[in-house]
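Here is the file run_1.cif (mmCIF, C-alpha atoms and all ligand atoms).
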```cif
data_query
#
loop_
_atom_site.label_atom_id
_atom_site.label_comp_id
_atom_site.auth_asym_id
_atom_site.auth_seq_id
_atom_site.Cartn_x
_atom_site.Cartn_y
_atom_site.Cartn_z
CA MET M 20 13.63 -48.70 16.89
CA LYS M 21 10.16 -49.54 15.68
CA LYS M 22 8.67 -46.87 17.95
CA ILE M 23 10.95 -44.17 16.55
CA THR M 24 10.16 -45.15 12.99
CA ALA M 25 6.48 -45.02 13.78
CA ALA M 26 6.88 -41.62 15.40
CA ILE M 27 8.76 -40.29 12.37
CA ALA M 28 6.20 -41.79 10.04
CA SER M 29 3.34 -40.12 11.84
CA ALA M 30 5.24 -36.83 11.90
CA VAL M 31 5.75 -37.11 8.15
CA ILE M 32 2.07 -37.83 7.65
CA ALA M 33 1.12 -34.89 9.87
CA ALA M 34 3.45 -32.58 7.96
CA ALA M 35 2.08 -33.79 4.64
CA ALA M 36 -1.48 -33.29 5.83
CA PHE M 37 -0.61 -29.80 7.03
CA SER M 38 1.10 -28.76 3.81
CA ALA M 39 -1.75 -30.22 1.77
CA ASN M 40 -4.06 -27.64 3.34
CA ALA M 41 -1.71 -24.74 3.97
CA ALA M 42 -0.71 -22.65 1.01
CA THR M 43 2.00 -20.01 0.65
CA TYR M 44 0.75 -17.12 -1.44
CA LYS M 45 3.10 -14.73 -3.21
CA VAL M 46 2.00 -11.21 -2.36
CA GLY M 47 3.46 -8.30 -4.32
CA THR M 48 4.14 -4.89 -2.82
CA HIS M 49 6.14 -1.76 -3.57
CA PRO M 50 7.89 -1.13 -0.26
CA THR M 51 8.65 2.60 -0.46
CA PHE M 52 5.37 3.68 1.04
CA ALA M 53 5.81 3.94 4.79
CA PRO M 54 4.13 3.19 7.13
CA PHE M 55 2.22 0.78 4.85
CA GLU M 56 5.21 -0.94 3.26
CA PHE M 57 8.91 -0.23 3.49
CA VAL M 58 12.08 -2.19 4.10
CA ASP M 59 13.59 -2.31 7.56
CA ALA M 60 17.31 -1.96 8.37
CA GLU M 61 17.87 -5.61 7.40
CA GLY M 62 16.19 -5.09 4.04
CA THR M 63 13.06 -7.03 5.01
CA PRO M 64 9.69 -5.64 3.88
CA THR M 65 7.51 -4.58 6.79
CA GLY M 66 4.75 -2.10 7.64
CA PHE M 67 1.00 -2.12 8.17
CA ASP M 68 0.10 -3.79 4.85
CA VAL M 69 2.80 -6.45 5.16
CA GLU M 70 1.77 -7.40 8.70
CA LEU M 71 -1.90 -7.22 7.73
CA ILE M 72 -1.69 -9.70 4.86
CA LYS M 73 0.46 -12.06 6.94
CA THR M 74 -2.11 -11.95 9.73
CA VAL M 75 -5.03 -12.34 7.32
CA LEU M 76 -3.57 -15.41 5.62
CA LYS M 77 -2.36 -16.91 8.88
CA SER M 78 -5.89 -16.69 10.24
CA GLN M 79 -6.91 -19.01 7.39
CA GLY M 80 -4.01 -21.41 8.00
CA ASP M 81 -1.92 -20.04 5.12
CA GLU M 82 1.19 -17.98 4.65
CA ALA M 83 2.31 -14.92 2.72
CA GLU M 84 5.59 -14.62 0.87
CA ILE M 85 6.25 -10.94 0.24
CA VAL M 86 7.61 -10.06 -3.20
CA SER M 87 8.91 -6.51 -3.83
CA MET M 88 8.39 -4.82 -7.17
CA PRO M 89 7.69 -1.37 -8.65
CA PHE M 90 4.15 -0.10 -8.15
CA ASP M 91 3.29 0.05 -11.86
CA GLY M 92 4.54 -3.54 -12.27
CA LEU M 93 2.21 -5.02 -9.65
CA ILE M 94 -0.93 -5.51 -11.75
CA PRO M 95 1.02 -6.87 -14.74
CA ALA M 96 2.76 -9.34 -12.38
CA LEU M 97 -0.62 -10.44 -11.04
CA LEU M 98 -2.03 -10.87 -14.55
CA THR M 99 0.92 -13.03 -15.63
CA GLY M 100 0.75 -15.16 -12.48
CA GLN M 101 4.10 -14.10 -11.01
CA ILE M 102 2.25 -13.18 -7.82
CA ASP M 103 -1.07 -14.29 -6.32
CA ALA M 104 -2.14 -11.05 -4.68
CA ILE M 105 -1.21 -7.38 -4.25
CA ILE M 106 -1.14 -5.38 -1.04
CA SER M 107 0.40 -1.99 -1.66
CA GLY M 108 -1.80 0.78 -0.36
CA MET M 109 -3.66 0.20 -3.61
CA THR M 110 -6.80 2.27 -4.04
CA ILE M 111 -9.86 0.46 -5.36
CA THR M 112 -10.58 2.33 -8.60
CA GLU M 113 -13.02 1.57 -11.42
CA GLU M 114 -10.12 1.46 -13.85
CA ARG M 115 -8.31 -1.21 -11.83
CA GLN M 116 -11.50 -3.15 -11.18
CA LYS M 117 -11.66 -3.84 -14.91
CA ARG M 118 -8.36 -5.74 -14.59
CA VAL M 119 -8.33 -7.27 -11.10
CA ASP M 120 -10.68 -8.22 -8.27
CA PHE M 121 -10.42 -6.38 -4.95
CA SER M 122 -11.08 -7.57 -1.42
CA THR M 123 -13.30 -5.52 0.85
CA GLY M 124 -11.63 -2.20 1.58
CA TYR M 125 -9.29 -2.27 4.58
CA TYR M 126 -8.06 1.31 4.94
CA ASN M 127 -9.62 4.69 4.24
CA SER M 128 -7.11 7.13 2.84
CA THR M 129 -7.10 10.43 0.95
CA LEU M 130 -4.56 12.55 -0.87
CA SER M 131 -2.52 15.57 0.15
CA ALA M 132 0.36 17.55 -1.29
CA VAL M 133 3.86 18.18 0.02
CA VAL M 134 5.55 21.50 -0.72
CA ARG M 135 8.93 22.93 0.25
CA SER M 136 8.42 24.73 3.56
CA ALA M 137 9.90 27.89 2.03
CA ASP M 138 6.94 27.90 -0.40
CA ALA M 139 4.23 27.12 2.14
CA GLY M 140 2.99 30.74 2.00
CA LYS M 141 2.85 30.69 -1.79
CA TYR M 142 0.97 27.41 -2.21
CA LYS M 143 -2.02 27.28 0.08
CA SER M 144 -4.59 25.30 -1.90
CA SER M 145 -4.45 22.77 -4.70
CA ASP M 146 -5.74 25.51 -7.03
CA ASP M 147 -2.49 27.37 -6.46
CA LEU M 148 -0.67 24.40 -7.98
CA LYS M 149 -2.57 24.56 -11.28
CA GLY M 150 -0.19 24.67 -14.21
CA GLN M 151 2.84 24.07 -11.99
CA LYS M 152 5.16 21.11 -12.29
CA ILE M 153 3.89 18.48 -9.86
CA CYS M 154 5.74 15.35 -8.76
CA ALA M 155 3.93 12.06 -8.20
CA GLN M 156 4.53 8.35 -7.99
CA ILE M 157 4.06 6.69 -11.34
CA GLY M 158 0.72 4.94 -11.81
CA THR M 159 -0.92 6.25 -8.64
CA THR M 160 -4.14 8.08 -7.89
CA GLY M 161 -1.97 11.01 -6.78
CA SER M 162 -0.47 11.12 -10.25
CA ALA M 163 -3.95 11.12 -11.82
CA PHE M 164 -5.00 13.99 -9.54
CA ALA M 165 -1.85 15.94 -10.42
CA GLU M 166 -2.54 15.39 -14.12
CA LYS M 167 -5.96 17.00 -13.71
CA LEU M 168 -4.44 20.06 -12.02
CA SER M 169 -1.49 20.39 -14.36
CA PRO M 170 -2.04 18.52 -17.61
CA GLY M 171 1.25 17.47 -19.17
CA GLN M 172 3.26 18.94 -16.27
CA VAL M 173 3.46 15.89 -14.02
CA VAL M 174 6.89 14.56 -13.15
CA ASN M 175 6.35 10.86 -12.44
CA LEU M 176 8.89 9.14 -10.23
CA ASN M 177 9.30 5.59 -9.05
CA ASN M 178 8.81 6.17 -5.37
CA GLU M 179 8.11 8.67 -2.65
CA PRO M 180 11.73 9.20 -1.52
CA ASP M 181 12.79 9.96 -5.13
CA ALA M 182 9.85 12.33 -5.54
CA LEU M 183 10.77 14.19 -2.34
CA LEU M 184 14.35 14.53 -3.53
CA GLU M 185 13.10 15.93 -6.84
CA LEU M 186 10.88 18.38 -4.94
CA LYS M 187 13.77 19.39 -2.71
CA ASN M 188 15.98 19.99 -5.74
CA GLY M 189 13.37 22.18 -7.44
CA GLY M 190 12.35 19.70 -10.15
CA CYS M 191 8.72 20.27 -9.21
CA GLU M 192 6.69 22.56 -6.96
CA ALA M 193 4.74 19.91 -5.05
CA LEU M 194 4.30 16.20 -4.60
CA ILE M 195 0.82 14.71 -4.58
CA ASN M 196 0.48 11.36 -2.88
CA ASP M 197 -1.48 9.56 -0.19
CA ARG M 198 -1.88 11.65 2.93
CA PRO M 199 -0.71 9.22 5.66
CA VAL M 200 2.43 8.52 3.64
CA ASN M 201 3.12 12.21 3.06
CA LEU M 202 2.73 12.87 6.78
CA TYR M 203 5.13 10.06 7.59
CA TYR M 204 7.84 11.35 5.25
CA ILE M 205 7.35 14.99 6.29
CA LYS M 206 7.83 13.95 9.88
CA GLN M 207 10.96 12.03 8.93
CA ALA M 208 12.46 14.94 6.95
CA GLY M 209 11.38 17.60 9.47
CA ASP M 210 8.99 20.55 8.90
CA ALA M 211 11.90 22.84 8.14
CA ALA M 212 12.20 21.01 4.83
CA PHE M 213 8.64 20.10 3.83
CA SER M 214 5.10 21.15 4.70
CA GLU M 215 1.76 19.62 3.95
CA LEU M 216 -0.73 21.33 1.69
CA VAL M 217 -4.15 19.92 2.23
CA ASP M 218 -7.58 21.12 1.15
CA GLU M 219 -11.07 19.89 0.42
CA ALA M 220 -10.28 19.01 -3.20
CA LEU M 221 -7.46 16.69 -2.11
CA THR M 222 -9.11 15.11 0.91
CA SER M 223 -12.42 14.53 -0.87
CA ASN M 224 -10.56 12.16 -3.18
CA PRO M 225 -11.49 8.83 -1.59
CA ASP M 226 -8.67 6.29 -1.53
CA LEU M 227 -10.05 3.10 -0.08
CA TYR M 228 -7.32 0.46 -0.12
CA GLY M 229 -8.06 -3.10 -1.19
CA ILE M 230 -6.10 -6.31 -1.67
CA ALA M 231 -6.09 -7.36 -5.32
CA VAL M 232 -6.23 -10.86 -6.78
CA LYS M 233 -6.44 -12.12 -10.33
CA LYS M 234 -9.93 -11.80 -11.80
CA GLY M 235 -11.89 -14.94 -11.04
CA ASN M 236 -9.60 -16.17 -8.25
CA THR M 237 -12.57 -16.46 -5.93
CA GLU M 238 -10.87 -19.05 -3.75
CA LEU M 239 -8.16 -16.63 -2.64
CA LEU M 240 -10.48 -13.63 -2.61
CA GLU M 241 -12.91 -15.39 -0.29
CA LYS M 242 -10.05 -16.45 1.97
CA ILE M 243 -8.80 -12.87 2.17
CA ASN M 244 -12.25 -11.45 2.87
CA LYS M 245 -12.90 -14.12 5.48
CA GLY M 246 -9.48 -13.41 7.00
CA LEU M 247 -10.19 -9.66 7.19
CA GLU M 248 -13.48 -10.40 8.89
CA ASP M 249 -11.96 -12.93 11.30
CA ILE M 250 -9.07 -10.72 12.38
CA GLY M 251 -11.52 -7.84 12.79
CA LYS M 252 -13.45 -9.95 15.28
CA SER M 253 -10.43 -11.42 17.06
CA GLY M 254 -8.85 -8.02 17.74
CA GLU M 255 -5.74 -8.82 15.66
CA LEU M 256 -6.62 -6.14 13.11
CA LYS M 257 -6.85 -3.58 15.88
CA ALA M 258 -3.46 -4.68 17.20
CA VAL M 259 -1.76 -4.38 13.80
CA HIS M 260 -3.37 -0.97 13.26
CA GLU M 261 -2.23 0.25 16.67
CA GLN M 262 1.27 -1.02 16.02
CA TRP M 263 1.66 1.15 12.90
CA PHE M 264 -0.61 4.13 13.55
CA GLY M 265 -0.58 4.32 17.32
CA VAL M 266 -4.39 4.32 17.42
CA ALA M 267 -7.20 1.82 16.92
CA PRO M 268 -9.02 1.85 13.56
CA GLU M 269 -12.13 4.06 13.41
N1 LIG S 301 -3.13 4.72 -3.15
C1 LIG S 301 -2.39 5.10 -4.32
C2 LIG S 301 -2.84 4.30 -5.50
O1 LIG S 301 -3.40 3.26 -5.35
C3 LIG S 301 -0.89 5.00 -4.14
C4 LIG S 301 -0.35 3.67 -3.75
C5 LIG S 301 1.17 3.57 -3.85
N2 LIG S 301 1.65 2.43 -3.15
C6 LIG S 301 2.92 2.06 -3.02
N3 LIG S 301 3.20 1.04 -2.29
N4 LIG S 301 3.85 2.71 -3.64
O2 LIG S 301 -2.64 4.65 -6.62
#
```
Please express the file's structure as structure tokens.
Amino acid sequence: MKKITAAIASAVIAAAAFSANAATYKVGTHPTFAPFEFVDAEGTPTGFDVELIKTVLKSQGDEAEIVSMPFDGLIPALLTGQIDAIISGMTITEERQKRVDFSTGYYNSTLSAVVRSADAGKYKSSDDLKGQKICAQIGTTGSAFAEKLSPGQVVNLNNEPDALLELKNGGCEALINDRPVNLYYIKQAGDAAFSELVDEALTSNPDLYGIAVKKGNTELLEKINKGLEDIGKSGELKAVHEQWFGVAPE
């Protein structure tokens, strides 16, 4: 009897010691951005970003709790403390850096456009889209790019699937969004439906993704940066990258 009690007591102490050091961080994402974040058949968020942040925090003895929310609600949620961090294919921009702190960049992306395949001959460069109605995801760098091409003519939608539906139905002439995501959805829909329009102007738009934390949250930021470094060395980063992109990171 005594032995069991002692064993339980030490287990309780061990658990307490563990939880005293291990933290669970709430990480916000907008999971309609495959292959970075999307929900699987069971409704669970998954994808490169989701697995990346879990691996990063785990490498530091912590855990991630994924919280889904609209893209334009992520920074406000971080500022009001509803979440501790954001991983959502979020480009490090000067504008955002005024409001949040970013980790070291973890993925190099660019933009491209999606057009209806029937129009692929008509729209060959981003210049051809000038003045046309362009769909985009609200609050994204793709939306900002579209606004420069077609001031006042941007149709902002909540997510990529909605934007593609709008494009399909003729509500806009193109969708501008991050290239790897466009390629993923084009592949899913089939090239009979959609084609990619890509040119120098679009691909020279650098979209380096970073993980955001509240300004001044150096404790978490340092953990994340250390985690990114550690999993880079251990080969875990390579494994996660291969899992979602089929190739090792450059
Ligand atoms: N990289 C773009 C940006 O930061 C688009 C990100 C959209 N992400 C998402 N999960 N919906 O503006």
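Atom pair CA of Glu248 in chain M / CA of Val75 in chain M: separated by 8.8 Å.
As for CA of Ser128 in chain M and CA of Pro95 in chain M, they are spaced 23.9 Å apart.
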Axis-aligned box over every listed atom of range 148-164 of chain M, padded by 8 Å per side: centre and edges in Å to one decimal, as JSON?
```
{"center_x": 0.4, "center_y": 14.8, "center_z": -10.5, "size_x": 26.7, "size_y": 35.7, "size_z": 23.4}
```
Collect all residues with atoms no farther than 7 Å from ligand LIG 301 (chain S), counting only C-alpha atoms and all ligand atoms, and output them as an NGL selection string.
:M and (48-52 or 56 or 90 or 107-110 or 158-161 or 178 or 196-197 or 226 or 228)
Go ahead and save the picked residues with C-alpha atoms, as an mmCIF file, keeping the file's coordinate frame.
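As written to disk, out03.cif reads:
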```cif
data_model
loop_
_atom_site.group_PDB
_atom_site.id
_atom_site.type_symbol
_atom_site.label_atom_id
_atom_site.label_comp_id
_atom_site.auth_asym_id
_atom_site.auth_seq_id
_atom_site.Cartn_x
_atom_site.Cartn_y
_atom_site.Cartn_z
ATOM 1 C CA THR M 48 4.140 -4.890 -2.820
ATOM 2 C CA HIS M 49 6.140 -1.760 -3.570
ATOM 3 C CA PRO M 50 7.890 -1.130 -0.260
ATOM 4 C CA THR M 51 8.650 2.600 -0.460
ATOM 5 C CA PHE M 52 5.370 3.680 1.040
ATOM 6 C CA GLU M 56 5.210 -0.940 3.260
ATOM 7 C CA PHE M 90 4.150 -0.100 -8.150
ATOM 8 C CA SER M 107 0.400 -1.990 -1.660
ATOM 9 C CA GLY M 108 -1.800 0.780 -0.360
ATOM 10 C CA MET M 109 -3.660 0.200 -3.610
ATOM 11 C CA THR M 110 -6.800 2.270 -4.040
ATOM 12 C CA GLY M 158 0.720 4.940 -11.810
ATOM 13 C CA THR M 159 -0.920 6.250 -8.640
ATOM 14 C CA THR M 160 -4.140 8.080 -7.890
ATOM 15 C CA GLY M 161 -1.970 11.010 -6.780
ATOM 16 C CA ASN M 178 8.810 6.170 -5.370
ATOM 17 C CA ASN M 196 0.480 11.360 -2.880
ATOM 18 C CA ASP M 197 -1.480 9.560 -0.190
ATOM 19 C CA ASP M 226 -8.670 6.290 -1.530
ATOM 20 C CA TYR M 228 -7.320 0.460 -0.120
#
```
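Compared by their closest atoms to Tyr126 in chain M, and using only C-alpha atoms, the residues M:Gly47, M:Gly254, M:Pro199, M:Gly246 rank with M:Pro199 nearest.
We find CA of Tyr125 in chain M and CA of Gly229 in chain M to be spaced 6.0 Å apart.
In terms of minimum interatomic distance to Ser214 in chain M, M:Leu183 ranks closest within M:Ile111, M:Leu183, M:Ala41, M:Ala83, counting all atoms listed in the file.
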Which residues, written as a list in words, have at least one atom at most 10 Å from Leu247 in chain M, with all atoms listed in the file counted and residues fewer than 2 positions away on the same chain left out?
Leu71, Ile72, Thr74, Val75, Leu76, Ser78, Gln79, Ser122, Thr123, Gly124, Tyr125, Glu241, Lys242, Ile243, Asn244, Lys245, Asp249, Ile250, Gly251, Lys252, Glu255 and Leu256 of chain M
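Counting all atoms listed in the file, the residue from M:Val46, M:Val119, M:Ala96, M:Leu148 that sits nearest to Gly235 in chain M is M:Val119.
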Nearest to Asn201 in chain M: which of M:Lys234, M:Val133, M:Asp138, M:Ala267 is it, counting only C-alpha atoms?
M:Val133
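Take the candidates M:Glu238, M:Glu219, M:Glu70, M:Asp91 and check each one against Lys257 in chain M using all atoms listed in the file; the shortest distance goes to M:Glu70.
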